[in-house]
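Everything on this sheet refers to the single structure shown next.
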Amino acid sequence: MMVGLGTFVFIAKFSSPQFFVFRLEQLEKKGFMTVRSAKTYLIEGFETAWNRSTFWSLVVGAGAAGYLSYYVSQKIMQPLDKMKDITQHFAAGDWLERMPDSEIPELNQLSVSFNRMASSLEDVEKRRRDLVSDLTHELRTPLTVVRGYLEELASGDIEGTPELYLSLVGETRRLERLTRDLQELSQAEAGYLSIDLKSFDIRPLLESLVERFSDQLLEDGPILTLDCPSTLPFIMGDLDRTQQILVNLIGNAIRYTETGSITLKTEVKSPYLWIYIIDTGLGIAEEDLPHVFERFWRADRSRSSYSGGSGIGLAIVKKLVELQNGQIEVESKLHEGTTFRFSIPLT
C-alpha cells in the first residue's frame, strides 16, 4: 500500500505541474494573452490545490486501505488460529474438534483437507489402541494358562502328565505363532518382506493343496474340489508366498464351513490370473466386509482365537497379494457363504 501511494504521489508531484505549464503555454500560443499575466498565480494555485488534495487523498486512502488490510488479515488469521488450537488439542489426545467452513475458498479447501487428515489420524489412533488391546488379550490368555499350570505343578497340587505337557507345548506354540505372524505382518507393511518373483505354473500347487486339505476333512465335513482347466498360463509371483496365501484362505474356509462345499476356481482375465476360494459356510455380514483385512478383526467378536484364529492371517494375506502386484477382494452373504478372490499377474 505504501509503495503504491508513494509512487503515485512522486509521479503526480513532478509530472502534473509540467503538464499544467505546458497547457498554459499552448493557451498563450492560441491568443489567450491574459494567461501570461496570471500564469504565476495559476501555477501557485494549482500547487496549493494539488498539495491539499494529495494530503487528504493520502489520509483517506491510507485509512481505508489500513482498515481493509486489518479486516482481511483477521479473516485469514482467525481460521489459522483455530487450526493451531485444534492441533494443540490433538497433541493432548482430543480428536473431536474439526475446522469450521470458511468464506474464503482457499481457506475452506484447507479446512476440508485438515478435517480429512484429522479423521484419518483419529482412525489411526483408534486402530493403534485396538491393536494394543487385542494384542494384550491374545498374549494374556496363553500366558495365564501356562502360569496356572506351572504354579500348580510347583506347589504339588497336580502331577505332570504327558497330556499336561502337550497342552503347555500347545500354548507356547500358539504364542510362537502369534509372534511370528505379528513379525511377518510388520515386515510386510514396512516393505521388508522378501518376495522372489518367478514365472511358474500354479496348477500343481492347487492340486497338492486340495489333496492335502481333503485328507484332513471329516466325512461329515465340507467337500473340497478344484475347478480349473487342465492347463493354465504361467504367472509371475512368489511360489512360497502364493502357497501361504492359499493355505490361509482355504483354512479359513474350512474353519467356517461345517457342511457343504469349498471350491477352488481359476479364471484368466488378462493381464491377471484370478483364483477364487468359494465356500458355503457361515458368511460375513455386509457391514463387516470392509473390516475383513484389518488386524485382529473377527466377524464374531465372541469367538476366541482358538476357534476363530488370531485375526492376523487375512491382514498378512492382503499384504502378500499386494507385494506380488495383485489384488484381493471378498464377497459374502450371511449364512450363504463367502468368496475370496485374488489376482496374480500373468507372466
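A note on labels: chains of the C-alpha cells are A, B, ... as shown, every chain counts residues from 1, and ligands are counted from 1 in their shown order.
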Might you pull out every residue within 10 Å of Leu197 (chain A), with only C-alpha atoms counted and same-chain residues fewer than 6 positions away left off, and present them as a PDB file with C-alpha atoms, in the first residue's frame?
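As written to disk, around-v6.pdb reads:
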ATOM      1  CA  ILE A 235       2.074 -66.440 -13.587  1.00  0.00           C
ATOM      2  CA  MET A 236       4.736 -64.095 -12.242  1.00  0.00           C
ATOM      3  CA  GLY A 237       4.764 -64.463  -8.466  1.00  0.00           C
ATOM      4  CA  ASP A 238       6.405 -65.987  -5.418  1.00  0.00           C
ATOM      5  CA  LEU A 239       5.553 -69.700  -5.193  1.00  0.00           C
ATOM      6  CA  ARG A 241       4.076 -66.753  -0.684  1.00  0.00           C
ATOM      7  CA  LEU A 323       3.561 -57.326  -2.756  1.00  0.00           C
ATOM      8  CA  GLN A 324       3.076 -59.619  -5.775  1.00  0.00           C
TER       9      GLN A 324
END
Interface rows for region 143-232 of chain A against region 335-345 of chain A: nearest pair, Å to one decimal, 12 Å, only C-alpha atoms, as CSV:
residue,atom,partner,partner_atom,distance
A:Leu197,CA,A:Pro345,CA,10.5
A:Lys198,CA,A:Pro345,CA,10.9
A:Ser199,CA,A:Pro345,CA,9.9
A:Phe200,CA,A:Pro345,CA,11.2
A:Asp201,CA,A:Ile344,CA,11.7
A:Ile202,CA,A:Ile344,CA,10.3
Using N, CA and C atoms, can you write the selected residues to a file as a PDB file, in the first residue's frame?
ATOM      1  N   LEU A 197       9.976 -63.071  -7.105  1.00  0.00           N
ATOM      2  CA  LEU A 197       9.060 -63.190  -8.232  1.00  0.00           C
ATOM      3  C   LEU A 197       9.685 -64.045  -9.333  1.00  0.00           C
ATOM      4  N   LYS A 198       8.992 -65.136  -9.676  1.00  0.00           N
ATOM      5  CA  LYS A 198       9.422 -66.011 -10.751  1.00  0.00           C
ATOM      6  C   LYS A 198       8.210 -66.489 -11.524  1.00  0.00           C
ATOM      7  N   SER A 199       8.449 -66.948 -12.726  1.00  0.00           N
ATOM      8  CA  SER A 199       7.379 -67.494 -13.548  1.00  0.00           C
ATOM      9  C   SER A 199       7.165 -68.966 -13.174  1.00  0.00           C
ATOM     10  N   PHE A 200       5.911 -69.342 -12.881  1.00  0.00           N
ATOM     11  CA  PHE A 200       5.640 -70.737 -12.523  1.00  0.00           C
ATOM     12  C   PHE A 200       4.199 -71.089 -12.863  1.00  0.00           C
ATOM     13  N   ASP A 201       3.939 -72.402 -12.900  1.00  0.00           N
ATOM     14  CA  ASP A 201       2.612 -72.947 -13.166  1.00  0.00           C
ATOM     15  C   ASP A 201       1.938 -73.207 -11.826  1.00  0.00           C
ATOM     16  N   ILE A 202       0.783 -72.629 -11.600  1.00  0.00           N
ATOM     17  CA  ILE A 202       0.142 -72.720 -10.297  1.00  0.00           C
ATOM     18  C   ILE A 202      -0.744 -73.958 -10.169  1.00  0.00           C
TER      19      ILE A 202
END
- Polymer residues at most 12 Å from Glu125 (chain A), only C-alpha atoms, same-chain spacing of 3 or more positions, as a count of residues only: 15
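Between CA of Pro222 (chain A) and CA of Arg203 (chain A) the interatomic distance comes to 21.7 Å.
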- Straight-line distance linking CA of Asn108 (chain A) with CA of Lys82 (chain A), stated in Å to one decimal: 12.9 Å
- DSSP-assigned strand (DSSP E or B) among region 80-322 of chain A, expressed as a list in words: Lys198, Ser199, Phe200, Ile223, Leu224, Thr225, Leu226, Asp227, Ile235, Met236, Gly237, Ser261, Ile262, Thr263, Leu264, Lys265, Thr266, Glu267, Val268, Lys269, Tyr272, Leu273, Trp274, Ile275, Tyr276, Ile277, Ile278 and Asp279 of chain A
Just N, CA, C and O atoms for this one: save the residues we selected as a compact mmCIF listing (two decimals), in the first residue's frame.
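Resulting contents of out-v3.txt:
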# COMPACT_ATOMS: atom_id res chain seq x y z
N LYS A 198 8.99 -65.14 -9.68
CA LYS A 198 9.42 -66.01 -10.75
C LYS A 198 8.21 -66.49 -11.52
O LYS A 198 7.08 -66.46 -11.03
N SER A 199 8.45 -66.95 -12.73
CA SER A 199 7.38 -67.49 -13.55
C SER A 199 7.17 -68.97 -13.17
O SER A 199 8.12 -69.74 -13.13
N PHE A 200 5.91 -69.34 -12.88
CA PHE A 200 5.64 -70.74 -12.52
C PHE A 200 4.20 -71.09 -12.86
O PHE A 200 3.35 -70.21 -13.06
N ILE A 223 -16.91 -80.61 1.36
CA ILE A 223 -16.20 -81.27 0.26
C ILE A 223 -15.35 -80.23 -0.45
O ILE A 223 -15.85 -79.18 -0.87
N LEU A 224 -14.07 -80.50 -0.58
CA LEU A 224 -13.12 -79.57 -1.22
C LEU A 224 -12.87 -80.04 -2.64
O LEU A 224 -12.44 -81.17 -2.88
N THR A 225 -13.13 -79.16 -3.62
CA THR A 225 -12.97 -79.51 -5.03
C THR A 225 -12.16 -78.45 -5.75
O THR A 225 -12.09 -77.29 -5.31
N LEU A 226 -11.59 -78.85 -6.90
CA LEU A 226 -10.80 -77.94 -7.74
C LEU A 226 -11.50 -77.79 -9.08
O LEU A 226 -11.82 -78.78 -9.74
N ASP A 227 -11.75 -76.56 -9.48
CA ASP A 227 -12.43 -76.28 -10.74
C ASP A 227 -11.53 -75.36 -11.57
O ASP A 227 -11.59 -74.13 -11.44
N ILE A 235 2.23 -67.71 -14.29
CA ILE A 235 2.07 -66.44 -13.59
C ILE A 235 3.41 -65.98 -13.05
O ILE A 235 4.34 -66.78 -12.88
N MET A 236 3.52 -64.68 -12.78
CA MET A 236 4.74 -64.10 -12.24
C MET A 236 4.49 -63.78 -10.77
O MET A 236 3.84 -62.79 -10.43
N GLY A 237 4.98 -64.66 -9.89
CA GLY A 237 4.76 -64.46 -8.47
C GLY A 237 5.78 -65.24 -7.66
O GLY A 237 6.73 -65.82 -8.18
N SER A 261 -19.72 -77.25 0.68
CA SER A 261 -18.62 -77.42 -0.26
C SER A 261 -17.69 -76.22 -0.23
O SER A 261 -18.08 -75.10 0.14
N ILE A 262 -16.44 -76.47 -0.60
CA ILE A 262 -15.42 -75.43 -0.78
C ILE A 262 -14.79 -75.67 -2.14
O ILE A 262 -14.32 -76.78 -2.42
N THR A 263 -14.79 -74.65 -2.97
CA THR A 263 -14.32 -74.81 -4.35
C THR A 263 -13.18 -73.84 -4.63
O THR A 263 -13.28 -72.65 -4.32
N LEU A 264 -12.11 -74.40 -5.20
CA LEU A 264 -11.02 -73.57 -5.72
C LEU A 264 -11.23 -73.44 -7.22
O LEU A 264 -11.30 -74.44 -7.93
N LYS A 265 -11.32 -72.21 -7.69
CA LYS A 265 -11.63 -71.95 -9.09
C LYS A 265 -10.65 -70.93 -9.63
O LYS A 265 -10.20 -70.02 -8.91
N THR A 266 -10.30 -71.06 -10.91
CA THR A 266 -9.40 -70.10 -11.56
C THR A 266 -10.09 -69.48 -12.76
O THR A 266 -10.97 -70.08 -13.38
N GLU A 267 -9.66 -68.27 -13.06
CA GLU A 267 -10.22 -67.55 -14.21
C GLU A 267 -9.15 -66.61 -14.75
O GLU A 267 -8.54 -65.85 -13.98
N VAL A 268 -8.94 -66.66 -16.05
CA VAL A 268 -7.94 -65.80 -16.69
C VAL A 268 -8.63 -64.53 -17.18
O VAL A 268 -9.54 -64.57 -18.00
N LYS A 269 -8.20 -63.41 -16.62
CA LYS A 269 -8.65 -62.09 -17.07
C LYS A 269 -7.39 -61.26 -17.30
O LYS A 269 -6.89 -60.64 -16.37
N TYR A 272 -4.20 -60.72 -15.64
CA TYR A 272 -4.14 -61.39 -14.35
C TYR A 272 -4.75 -62.79 -14.44
O TYR A 272 -5.60 -63.07 -15.30
N LEU A 273 -4.31 -63.64 -13.53
CA LEU A 273 -4.99 -64.90 -13.25
C LEU A 273 -5.67 -64.75 -11.91
O LEU A 273 -5.02 -64.46 -10.90
N TRP A 274 -7.00 -64.93 -11.89
CA TRP A 274 -7.78 -64.79 -10.66
C TRP A 274 -8.03 -66.17 -10.06
O TRP A 274 -8.39 -67.11 -10.78
N ILE A 275 -7.84 -66.28 -8.77
CA ILE A 275 -8.07 -67.53 -8.04
C ILE A 275 -9.18 -67.29 -7.03
O ILE A 275 -9.11 -66.35 -6.22
N TYR A 276 -10.21 -68.13 -7.08
CA TYR A 276 -11.38 -67.99 -6.22
C TYR A 276 -11.37 -69.10 -5.17
O TYR A 276 -11.09 -70.26 -5.48
N ILE A 277 -11.70 -68.76 -3.94
CA ILE A 277 -11.96 -69.73 -2.88
C ILE A 277 -13.40 -69.51 -2.44
O ILE A 277 -13.72 -68.52 -1.76
N ILE A 278 -14.29 -70.40 -2.86
CA ILE A 278 -15.74 -70.23 -2.68
C ILE A 278 -16.22 -71.26 -1.67
O ILE A 278 -16.00 -72.47 -1.86
N ASP A 279 -16.87 -70.81 -0.60
CA ASP A 279 -17.42 -71.74 0.39
C ASP A 279 -18.90 -71.47 0.61
O ASP A 279 -19.42 -70.43 0.21
- Name the closest residue to Pro229 (chain A) among the candidates A:Gly283, A:Gly313, A:Gly6, A:Pro204; distances are taken between atoms, counting only C-alpha atoms. A:Pro204
- Query: Hey, can you check how far CA of Gln244 (chain A) sits from CA of Lys126 (chain A)?
  - Reply: 29.4 Å
- Using DSSP on the backbone, list every residue of region 159-345 of chain A that comes out as helix (DSSP H, G or I), and give them as number ranges by chain. A: 162-190, 203-216, 239-255, 286-291, 305-308, 313-323
